[in-house]
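File shown: start_28.cif. Contents: mmCIF, C-alpha atoms.
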```
data_run
loop_
_atom_site.label_atom_id
_atom_site.label_comp_id
_atom_site.auth_asym_id
_atom_site.auth_seq_id
_atom_site.Cartn_x
_atom_site.Cartn_y
_atom_site.Cartn_z
CA MET Y 5 -67.90 15.16 -99.40
CA GLU Y 6 -65.19 17.68 -98.54
CA ASN Y 7 -61.64 16.58 -98.16
CA ASN Y 8 -60.81 17.66 -94.54
CA SER Y 9 -57.21 16.53 -94.93
CA GLN Y 10 -56.26 19.72 -96.77
CA LEU Y 11 -54.82 22.52 -94.70
CA ASP Y 12 -56.37 25.90 -94.49
CA PRO Y 13 -54.39 28.23 -96.79
CA GLU Y 14 -54.61 30.97 -94.21
CA GLN Y 15 -52.76 28.89 -91.53
CA PRO Y 16 -48.94 28.79 -91.32
CA LYS Y 17 -47.32 25.84 -92.93
CA ALA Y 18 -44.79 23.52 -91.30
CA THR Y 19 -43.27 20.52 -92.88
CA VAL Y 20 -41.43 17.60 -91.38
CA SER Y 21 -39.11 15.82 -93.70
CA GLY Y 22 -37.21 12.65 -93.21
CA PRO Y 23 -37.81 9.81 -90.89
CA ILE Y 24 -38.39 10.45 -87.16
CA ILE Y 25 -36.42 7.94 -85.16
CA VAL Y 26 -36.49 7.98 -81.33
CA SER Y 27 -34.04 5.62 -79.70
CA PRO Y 28 -32.90 5.34 -76.06
CA THR Y 29 -29.27 5.27 -77.19
CA GLN Y 30 -28.99 7.25 -80.37
CA SER Y 31 -31.41 9.36 -82.43
CA THR Y 32 -31.21 11.60 -85.42
CA ILE Y 33 -34.17 13.95 -85.73
CA PRO Y 34 -33.95 16.33 -88.69
CA VAL Y 35 -36.37 19.16 -88.05
CA THR Y 36 -37.32 21.86 -90.55
CA VAL Y 37 -39.04 24.88 -89.09
CA ALA Y 38 -40.70 27.66 -91.03
CA PRO Y 39 -38.38 30.61 -90.61
CA GLU Y 40 -41.06 33.24 -90.56
CA GLU Y 41 -42.84 31.81 -87.59
CA ASN Y 42 -39.82 30.38 -85.75
CA ASN Y 43 -42.08 27.63 -84.47
CA VAL Y 44 -40.83 24.46 -82.83
CA ILE Y 45 -42.51 21.15 -83.36
CA PRO Y 46 -42.25 19.28 -80.07
CA ILE Y 47 -41.05 15.76 -80.39
CA PRO Y 48 -41.71 13.55 -77.37
CA GLY Y 49 -38.52 12.63 -75.57
CA SER Y 50 -36.37 15.36 -77.24
CA VAL Y 51 -35.57 19.06 -77.06
CA ALA Y 52 -34.90 20.77 -80.38
CA PRO Y 53 -33.00 24.07 -80.48
CA VAL Y 54 -34.27 26.99 -82.47
CA GLY Y 55 -33.05 26.91 -86.06
CA ASN Y 56 -33.73 25.71 -89.53
CA GLN Y 57 -32.54 22.19 -88.88
CA GLN Y 58 -30.67 20.54 -86.02
CA ASN Y 59 -29.51 17.02 -85.44
CA VAL Y 60 -29.86 15.80 -81.87
CA THR Y 61 -27.31 13.11 -81.22
CA ASP Y 62 -25.46 11.46 -78.28
CA SER Y 63 -22.90 14.31 -78.37
CA GLN Y 64 -25.76 16.50 -77.18
CA PRO Y 65 -27.78 14.27 -74.86
CA LEU Y 66 -31.40 14.87 -74.50
CA THR Y 67 -31.14 14.76 -70.72
CA PRO Y 68 -27.79 15.56 -68.96
CA VAL Y 69 -26.53 12.45 -67.14
CA LYS Y 70 -23.71 12.55 -64.58
CA SER Y 71 -21.24 9.70 -64.98
CA TYR Y 72 -18.44 8.35 -62.73
CA ASN Y 73 -15.13 6.76 -63.47
CA SER Y 74 -15.17 3.46 -61.53
CA SER Y 75 -11.39 3.05 -61.61
CA VAL Y 76 -10.80 6.47 -59.99
CA THR Y 77 -13.40 5.74 -57.32
CA SER Y 78 -11.74 2.42 -56.39
CA LYS Y 79 -8.36 4.10 -56.05
CA SER Y 80 -9.82 6.75 -53.75
CA LEU Y 81 -11.37 4.14 -51.49
CA GLY Y 82 -8.09 2.26 -51.40
CA HIS Y 83 -6.24 5.39 -50.31
CA LYS Y 84 -8.80 5.99 -47.56
CA LYS Y 85 -8.43 2.45 -46.24
CA LEU Y 86 -4.64 2.78 -46.24
CA PHE Y 87 -4.85 6.07 -44.34
CA ILE Y 88 -7.22 4.59 -41.73
CA GLY Y 89 -4.99 1.56 -41.27
CA LEU Y 90 -1.92 3.77 -40.88
CA ALA Y 91 -3.76 5.96 -38.35
CA ILE Y 92 -4.78 2.92 -36.31
CA PHE Y 93 -1.19 1.66 -36.34
CA VAL Y 94 0.14 5.02 -35.15
CA VAL Y 95 -2.45 5.13 -32.35
CA LEU Y 96 -1.47 1.63 -31.26
CA VAL Y 97 2.23 2.56 -31.25
CA ILE Y 98 1.50 5.64 -29.16
CA ALA Y 99 -0.62 3.59 -26.77
CA VAL Y 100 2.17 1.01 -26.37
CA VAL Y 101 4.74 3.74 -25.74
CA ILE Y 102 2.51 5.38 -23.15
CA TYR Y 103 1.72 2.05 -21.47
CA PHE Y 104 5.20 0.54 -21.41
CA TRP Y 105 7.39 3.64 -21.13
CA PHE Y 106 5.76 6.96 -20.28
CA LEU Y 107 3.38 5.77 -17.53
CA PRO Y 108 5.93 3.55 -15.71
CA VAL Y 109 8.65 6.21 -15.90
CA GLN Y 110 6.26 8.90 -14.70
CA ALA Y 111 5.03 6.66 -11.88
CA ALA Y 112 8.64 5.98 -10.87
CA LYS Y 113 9.47 9.70 -10.83
CA ASN Y 114 6.39 10.55 -8.80
CA TYR Y 115 7.18 7.80 -6.31
CA GLN Y 116 10.80 8.87 -5.86
CA SER Y 117 9.87 12.51 -5.31
CA SER Y 118 7.07 11.76 -2.84
CA ILE Y 119 8.76 9.07 -0.73
CA LYS Y 120 12.01 10.89 0.04
CA GLY Y 121 10.45 13.46 2.36
CA SER Y 122 8.38 10.90 4.26
CA TYR Y 123 11.35 8.58 4.67
CA SER Y 124 13.65 11.39 5.87
CA ASN Y 125 11.10 12.38 8.49
CA GLN Y 126 10.71 8.79 9.70
CA ALA Y 127 14.48 8.28 9.82
CA ALA Y 128 14.83 11.36 12.02
CA LYS Y 129 12.14 10.12 14.40
CA MET Y 130 13.80 6.71 14.62
CA THR Y 131 17.13 8.37 15.48
CA THR Y 132 15.46 9.81 18.57
CA VAL Y 133 14.20 6.33 19.45
CA TYR Y 134 17.73 4.93 19.14
CA SER Y 135 19.01 7.64 21.47
CA ALA Y 136 16.40 6.69 24.08
CA PHE Y 137 17.94 3.24 24.34
CA SER Y 138 21.20 4.78 25.52
CA ARG Y 139 19.58 6.54 28.48
CA PRO Y 140 20.64 5.42 32.00
CA VAL Y 141 17.53 3.41 32.83
CA TYR Y 142 18.44 0.93 30.09
CA ASN Y 143 22.19 0.66 30.60
CA SER Y 144 23.19 1.85 34.07
CA ASN Y 145 23.07 0.09 37.43
CA ASN Y 146 23.15 3.42 39.29
CA SER Y 147 20.04 5.12 37.86
CA THR Y 148 17.67 6.91 40.21
CA THR Y 149 13.92 6.56 40.49
CA ALA Y 150 13.36 10.13 39.33
CA GLY Y 151 15.82 9.71 36.49
CA ASP Y 152 14.17 6.46 35.46
CA THR Y 153 10.80 8.18 35.24
CA GLN Y 154 12.23 10.85 32.95
CA ASP Y 155 13.86 8.21 30.77
CA PHE Y 156 10.61 6.25 30.49
CA ASP Y 157 8.68 9.41 29.60
CA PHE Y 158 11.26 10.35 26.97
CA THR Y 159 11.09 6.86 25.50
CA ASP Y 160 7.31 6.79 25.36
CA GLN Y 161 7.16 10.14 23.55
CA ALA Y 162 9.88 9.16 21.10
CA ILE Y 163 8.08 5.92 20.29
CA LYS Y 164 4.76 7.72 19.88
CA ASP Y 165 6.22 10.24 17.44
CA ALA Y 166 8.03 7.53 15.48
CA GLN Y 167 4.86 5.42 15.33
CA GLN Y 168 2.88 8.28 13.79
CA SER Y 169 5.68 8.95 11.30
CA ASN Y 170 5.91 5.27 10.42
CA ASP Y 171 2.17 5.09 9.79
CA SER Y 172 2.45 8.13 7.52
CA LEU Y 173 5.34 6.56 5.62
CA LYS Y 174 3.31 3.39 5.17
CA THR Y 175 0.48 5.44 3.67
CA GLN Y 176 2.84 7.30 1.32
CA ASN Y 177 4.72 4.22 0.16
CA LYS Y 178 2.52 3.39 -2.83
CA LEU Y 179 3.84 2.31 -6.22
CA LYS Y 180 1.75 0.81 -9.01
CA LEU Y 181 3.56 -0.50 -12.06
CA PHE Y 182 2.10 -2.37 -15.00
CA PRO Y 183 3.34 -5.87 -15.88
CA GLY Y 184 6.64 -5.70 -17.70
CA ALA Y 185 7.48 -2.20 -16.45
CA ASN Y 186 10.47 -3.51 -14.49
CA LEU Y 187 12.33 -3.83 -17.78
CA LEU Y 188 12.80 -0.06 -17.60
CA HIS Y 189 15.68 1.08 -15.39
CA ALA Y 190 13.70 3.88 -13.74
CA ALA Y 191 10.79 1.59 -12.92
CA SER Y 192 13.08 -1.20 -11.71
CA THR Y 193 14.93 1.20 -9.40
CA ALA Y 194 11.69 2.61 -8.03
CA ASN Y 195 10.37 -0.88 -7.40
CA SER Y 196 13.56 -1.85 -5.53
CA HIS Y 197 13.22 1.26 -3.36
CA TYR Y 198 9.57 0.47 -2.76
CA GLN Y 199 10.40 -3.04 -1.55
CA ALA Y 200 13.23 -1.74 0.65
CA VAL Y 201 11.00 0.92 2.21
CA GLN Y 202 8.34 -1.69 2.84
CA LYS Y 203 10.85 -3.77 4.78
CA TYR Y 204 12.07 -0.67 6.62
CA ILE Y 205 8.50 0.12 7.68
CA SER Y 206 7.95 -3.44 8.88
CA ASP Y 207 11.26 -3.55 10.79
CA SER Y 208 10.56 -0.14 12.34
CA GLN Y 209 7.15 -1.33 13.49
CA THR Y 210 8.66 -4.45 15.06
CA LEU Y 211 11.28 -2.39 16.87
CA LEU Y 212 8.78 0.19 18.11
CA THR Y 213 6.46 -2.49 19.43
CA ASN Y 214 9.29 -4.34 21.17
CA PHE Y 215 10.80 -1.17 22.65
CA GLN Y 216 7.39 0.02 23.91
CA THR Y 217 6.75 -3.36 25.53
CA THR Y 218 10.19 -3.24 27.14
CA SER Y 219 9.78 0.31 28.43
CA THR Y 220 6.30 -0.38 29.80
CA TYR Y 221 7.43 -3.59 31.49
CA MET Y 222 10.44 -1.97 33.13
CA ARG Y 223 8.37 0.95 34.41
CA GLN Y 224 5.73 -1.40 35.85
CA PHE Y 225 8.30 -3.85 37.18
CA GLU Y 226 10.06 -1.05 39.03
CA ALA Y 227 6.76 -0.01 40.63
CA VAL Y 228 5.84 -3.59 41.54
CA SER Y 229 9.26 -4.23 43.07
CA LYS Y 230 8.96 -1.08 45.17
CA ASN Y 231 5.43 -1.85 46.38
CA ASP Y 232 5.90 -5.57 46.95
CA GLY Y 233 9.45 -5.39 48.24
CA GLN Y 234 8.02 -5.69 51.73
CA ALA Y 235 7.35 -9.33 50.91
CA LEU Y 236 11.07 -9.93 51.32
CA GLU Y 237 11.03 -8.00 54.57
CA SER Y 238 8.29 -10.31 55.85
CA LEU Y 239 10.74 -13.22 55.67
CA LYS Y 240 12.94 -11.81 58.44
CA PRO Y 241 10.50 -12.62 61.32
CA ILE Y 242 10.47 -16.25 60.17
CA ILE Y 243 14.25 -16.43 60.45
CA VAL Y 244 14.35 -14.97 63.98
CA ALA Y 245 11.24 -16.79 65.30
CA LYS Y 246 11.96 -18.55 68.59
CA THR Y 247 8.67 -20.31 69.11
CA LEU Y 248 6.34 -22.33 66.96
CA ALA Y 249 3.61 -19.73 67.32
CA GLN Y 250 5.95 -16.96 66.14
CA PHE Y 251 7.00 -19.05 63.17
CA GLN Y 252 3.41 -19.82 62.18
CA ALA Y 253 2.33 -16.19 62.42
CA ALA Y 254 5.31 -14.93 60.44
CA SER Y 255 4.78 -17.60 57.81
CA GLN Y 256 1.17 -16.57 57.24
CA VAL Y 257 2.16 -12.92 56.80
CA ALA Y 258 4.94 -13.85 54.39
CA VAL Y 259 2.68 -16.11 52.31
CA THR Y 260 0.09 -13.33 51.98
CA GLN Y 261 2.74 -10.88 50.80
CA LEU Y 262 4.22 -13.35 48.38
CA ASN Y 263 0.80 -14.09 46.88
CA LYS Y 264 0.26 -10.39 46.19
CA TRP Y 265 3.71 -10.12 44.64
CA LEU Y 266 2.99 -13.06 42.35
CA SER Y 267 -0.35 -11.60 41.32
CA ASP Y 268 1.24 -8.26 40.40
CA LEU Y 269 4.05 -9.91 38.46
CA ASN Y 270 1.65 -12.13 36.52
CA SER Y 271 -0.22 -9.03 35.36
CA LEU Y 272 2.89 -7.78 33.52
CA GLN Y 273 3.72 -8.52 29.90
CA PRO Y 274 7.45 -9.10 29.61
CA PRO Y 275 9.27 -8.34 26.33
CA VAL Y 276 11.11 -11.11 24.55
CA ASP Y 277 14.47 -10.11 26.05
CA LEU Y 278 13.18 -10.21 29.63
CA LYS Y 279 10.74 -13.09 29.39
CA SER Y 280 13.18 -15.68 30.71
CA PHE Y 281 14.07 -13.45 33.67
CA HIS Y 282 10.40 -12.86 34.40
CA ILE Y 283 9.52 -16.57 34.30
CA GLN Y 284 12.42 -17.45 36.62
CA LEU Y 285 11.44 -14.73 39.08
CA VAL Y 286 7.80 -15.84 39.18
CA SER Y 287 8.90 -19.45 39.57
CA GLY Y 288 11.33 -18.62 42.42
CA ILE Y 289 8.74 -16.60 44.36
CA GLY Y 290 6.16 -19.32 43.82
CA LEU Y 291 8.60 -21.96 45.11
CA LEU Y 292 9.33 -19.84 48.19
CA LYS Y 293 5.63 -19.43 48.96
CA SER Y 294 5.01 -23.14 48.46
CA ALA Y 295 7.93 -24.06 50.77
CA LEU Y 296 6.57 -21.82 53.54
CA ASP Y 297 3.09 -23.34 53.17
CA ASN Y 298 4.52 -26.88 53.34
CA MET Y 299 6.68 -25.99 56.32
CA SER Y 300 3.73 -24.59 58.23
CA ARG Y 301 1.55 -27.66 57.55
CA SER Y 302 4.37 -30.07 58.41
CA ILE Y 303 4.98 -28.35 61.73
CA ASN Y 304 1.29 -28.43 62.61
CA ALA Y 305 1.17 -32.13 61.68
CA HIS Y 306 4.38 -32.85 63.58
CA ASP Y 307 5.70 -34.28 60.31
CA LEU Y 308 9.46 -34.28 60.65
CA ALA Y 309 10.07 -35.57 57.13
CA GLY Y 310 7.80 -32.84 55.77
CA VAL Y 311 9.67 -30.22 57.74
CA ILE Y 312 13.00 -31.44 56.36
CA ASN Y 313 11.69 -31.50 52.79
CA SER Y 314 10.23 -28.01 53.17
CA SER Y 315 13.57 -26.76 54.46
CA LYS Y 316 15.28 -28.00 51.31
CA GLN Y 317 12.66 -26.22 49.17
CA LEU Y 318 13.31 -23.01 51.07
CA GLN Y 319 17.02 -23.29 50.42
CA THR Y 320 16.49 -23.89 46.69
CA ALA Y 321 14.06 -20.97 46.39
CA GLY Y 322 16.39 -18.70 48.36
CA THR Y 323 19.37 -19.51 46.15
CA SER Y 324 17.37 -18.88 42.95
CA LEU Y 325 15.97 -15.59 44.19
CA ASP Y 326 19.35 -14.35 45.40
CA SER Y 327 20.73 -14.80 41.86
CA LEU Y 328 17.75 -13.05 40.28
CA PHE Y 329 17.79 -10.15 42.72
CA ALA Y 330 21.43 -9.59 41.95
CA THR Y 331 20.62 -9.27 38.24
CA ASP Y 332 20.10 -5.78 36.86
CA ILE Y 333 17.67 -6.28 34.02
CA ASN Y 334 19.13 -3.46 31.92
CA THR Y 335 22.25 -5.58 31.47
CA LEU Y 336 20.03 -8.17 29.78
CA LEU Y 337 19.11 -5.55 27.18
CA GLN Y 338 22.60 -4.39 26.30
CA LYS Y 339 24.19 -7.81 25.75
CA ASN Y 340 23.06 -9.56 22.58
CA SER Y 341 19.42 -8.67 23.10
CA THR Y 342 16.84 -8.72 20.33
CA LEU Y 343 16.08 -5.05 20.93
CA HIS Y 344 19.73 -4.11 20.59
CA SER Y 345 20.06 -6.08 17.34
CA GLN Y 346 16.93 -4.45 15.90
CA ILE Y 347 18.31 -0.99 16.62
CA VAL Y 348 21.70 -1.78 15.09
CA ASN Y 349 20.10 -3.21 11.94
CA LEU Y 350 17.78 -0.25 11.42
CA GLN Y 351 20.56 2.26 12.01
CA SER Y 352 22.46 0.76 9.09
CA ALA Y 353 19.42 0.46 6.80
CA LYS Y 354 19.47 2.72 3.71
CA PRO Y 355 16.35 1.77 1.71
CA LEU Y 356 16.63 4.60 -0.85
CA ASN Y 357 20.30 4.10 -1.69
#
```

What does this structure look like when you write it as structure tokens?
Amino acid sequence: MENNSQLDPEQPKATVSGPIIVSPTQSTIPVTVAPEENNVIPIPGSVAPVGNQQNVTDSQPLTPVKSYNSSVTSKSLGHKKLFIGLAIFVVLVIAVVIYFWFLPVQAAKNYQSSIKGSYSNQAAKMTTVYSAFSRPVYNSNNSTTAGDTQDFDFTDQAIKDAQQSNDSLKTQNKLKLFPGANLLHAASTANSHYQAVQKYISDSQTLLTNFQTTSTYMRQFEAVSKNDGQALESLKPIIVAKTLAQFQAASQVAVTQLNKWLSDLNSLQPPVDLKSFHIQLVSGIGLLKSALDNMSRSINAHDLAGVINSSKQLQTAGTSLDSLFATDINTLLQKNSTLHSQIVNLQSAKPLN
């Protein structure tokens, strides 16, 4: 039998000397390569360079492996966390500054610049209203009917213009401050002005309403007095009546006229300064009408006691009405009236000072 373990003499020879050790951590693989053929014997798990003999060790790893320094990585992460924390802190500081300083101060500046024009316009309109109160119909006993009409028209227009201006000022008077903003001087000042303007708007509205009610009442009262003044004229035939029939006829006419007068007066809305006068006038006319009715019934019933009692009622009603007819209602407005006080107070008001 032939020995097949021998190599063919014609084939190139390669020898491997020394132990072959393959380790995951460290290996030394001496490799001898025939120089004439420059062949490489592959060893599993290793790469041998071309040469006569080469040791493959950990200084030349078989497979390049990228490694990291854990201490450097930890420091980098720490720096990133510190930077993020610092950034958050800065953002919070900026937000607090904007919230508690910039926004309130800016809101205060915007309010001050926007409200001045509206207030100046309203103040000018109210000055015209004040001047209307000094016109003859409100303070003179010698005013004429034509002059009174002009004064009423002037007053109504002045009040209308001031009402529109006051509504505009109310719309413009807006100030929104965050809690704690009043600690800033600019915001505190703006808030004080806002409150003062609010009061000025309210007081102006009260005055305008009262003045309009007064002007309307006086205009209507003047017309009612002119139309129903004949009711007083109807009393004269009663005084000069010489017979019972004349007295009864005159009384019926007078009662009819007085009823109409009362109806017209009750349709009016007196202002606060003239309400007492109005109530007394209605009461006096009502008492006069009632006395005439009682007198007429007593005479028809031949009731002497009733006639005497009715006569006393007529005297009381006559005395009351004489005093009221002698009163010029404009004097009630110029002496310690509510309307006069409202005008004086608003004239001295300086909400933006």

Inset, instruction - Write out as a list in words the residues lying within 7 Å of stretch 116-130 of chain Y, counting only C-alpha atoms and excluding same-chain residues fewer than 6 positions away. - result: Asp165, Ala166, Ser169, Asn170, Leu173, Gln176, Asn177 and Ala194 of chain Y

Legend entry - Two-atom distance - atom CA of Y:Ser147, atom CA of Y:Phe225 (Å):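 The value is 14.8 Å.
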
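Nearest to Y:Lys178 of all the residues Y:Val201, Y:Leu212, Y:Leu296, Y:Leu350 is Y:Val201, based on only C-alpha atoms.
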
Where does the PyMOL selection byres ((chain Y and resi 294) around 12) land in this file, that is, which residues does it pick, as a tab-separated table (two decimals) with C-alpha atoms, in the frame of the given file?
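Result file follows (part-v4.tsv):
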```
chain	number	residue	atom	x	y	z
Y	255	SER	CA	4.78	-17.60	57.81
Y	256	GLN	CA	1.17	-16.57	57.24
Y	258	ALA	CA	4.94	-13.85	54.39
Y	259	VAL	CA	2.68	-16.11	52.31
Y	260	THR	CA	0.09	-13.33	51.98
Y	262	LEU	CA	4.22	-13.35	48.38
Y	263	ASN	CA	0.80	-14.09	46.88
Y	266	LEU	CA	2.99	-13.06	42.35
Y	287	SER	CA	8.90	-19.45	39.57
Y	288	GLY	CA	11.33	-18.62	42.42
Y	289	ILE	CA	8.74	-16.60	44.36
Y	290	GLY	CA	6.16	-19.32	43.82
Y	291	LEU	CA	8.60	-21.96	45.11
Y	292	LEU	CA	9.33	-19.84	48.19
Y	293	LYS	CA	5.63	-19.43	48.96
Y	295	ALA	CA	7.93	-24.06	50.77
Y	296	LEU	CA	6.57	-21.82	53.54
Y	297	ASP	CA	3.09	-23.34	53.17
Y	298	ASN	CA	4.52	-26.88	53.34
Y	299	MET	CA	6.68	-25.99	56.32
Y	300	SER	CA	3.73	-24.59	58.23
Y	301	ARG	CA	1.55	-27.66	57.55
Y	313	ASN	CA	11.69	-31.50	52.79
Y	314	SER	CA	10.23	-28.01	53.17
Y	315	SER	CA	13.57	-26.76	54.46
Y	316	LYS	CA	15.28	-28.00	51.31
Y	317	GLN	CA	12.66	-26.22	49.17
Y	318	LEU	CA	13.31	-23.01	51.07
Y	320	THR	CA	16.49	-23.89	46.69
Y	321	ALA	CA	14.06	-20.97	46.39
```

Inset, instruction - Work out how far atom CA of Y:Pro355 is from atom CA of Y:Thr193, in Å to one decimal. - result: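 Distance between the two atoms: 11.2 Å.
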
Inset, instruction - Just the residues within 9 Å of Y:Thr220, please, counting all atoms listed in the file, with nothing from its chain fewer than 4 positions along; format it as a VMD selection string. - result: chain Y and resid 156 160 215 to 216 224 to 225 272 to 274

Inset, instruction - Kindly indicate which residue among Y:Ala190, Y:Leu269, Y:Val311, Y:Leu325 lies nearest to Y:Leu236, using all atoms listed in the file for the distances. - result: Y:Leu325

Set the distance at 10 Å and use only C-alpha atoms: which residues neighbour Y:Gly233 once local chain neighbours fewer than 4 positions away are removed? I'd like the list as a PDB file with C-alpha atoms, keeping the file's coordinate frame.
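Saved to part_5.pdb:
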```pdb
ATOM      1  CA  ALA Y 227       6.760  -0.010  40.630  1.00  0.00           C
ATOM      2  CA  VAL Y 228       5.840  -3.590  41.540  1.00  0.00           C
ATOM      3  CA  SER Y 229       9.260  -4.230  43.070  1.00  0.00           C
ATOM      4  CA  GLU Y 237      11.030  -8.000  54.570  1.00  0.00           C
ATOM      5  CA  SER Y 238       8.290 -10.310  55.850  1.00  0.00           C
ATOM      6  CA  GLN Y 261       2.740 -10.880  50.800  1.00  0.00           C
ATOM      7  CA  LEU Y 262       4.220 -13.350  48.380  1.00  0.00           C
ATOM      8  CA  TRP Y 265       3.710 -10.120  44.640  1.00  0.00           C
TER       9      TRP Y 265
END
```

Inset, instruction - To verify the selection step, state as a list in words which residues the PyMOL selection byres ((chain Y and resi 345) around 12) yields on this input. - result: Tyr134, Phe137, Asp207, Thr210, Leu211, Asn214, Phe215, Asp277, Leu337, Gln338, Lys339, Asn340, Ser341, Thr342, Leu343, His344, Gln346, Ile347, Val348, Asn349, Leu350, Gln351 and Ser352 of chain Y

Inset, instruction - For each of Y:Ala353, Y:Ala235, Y:Val276, Y:Leu336, take the minimum atom-to-atom distance to Y:Asn143, counting all atoms listed in the file, then give the residue where this is smallest. - result: Y:Leu336

Legend entry - Proximity to Y:Ser192 - best of Y:Leu285, Y:Lys180, Y:Thr331, Y:Ala245, all atoms listed in the file: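 Of the candidates, the smallest distance to Y:Ser192 is held by Y:Lys180.
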
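Taking only C-alpha atoms into account, Y:Tyr115 lies nearest to Y:Ala191 out of the set Y:Ala191, Y:Leu308, Y:Val286, Y:Ala254.
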
Legend entry - Residues near Y:Thr153, cut-off 12 Å, all atoms listed in the file, skip fewer than 2 positions along chain, as a list in words: Arg139, Pro140, Val141, Tyr142, Ser147, Thr148, Thr149, Ala150, Gly151, Asp155, Phe156, Asp157, Phe158, Thr159, Asp160, Ser219, Thr220, Met222, Arg223, Gln224, Glu226 and Ala227 of chain Y
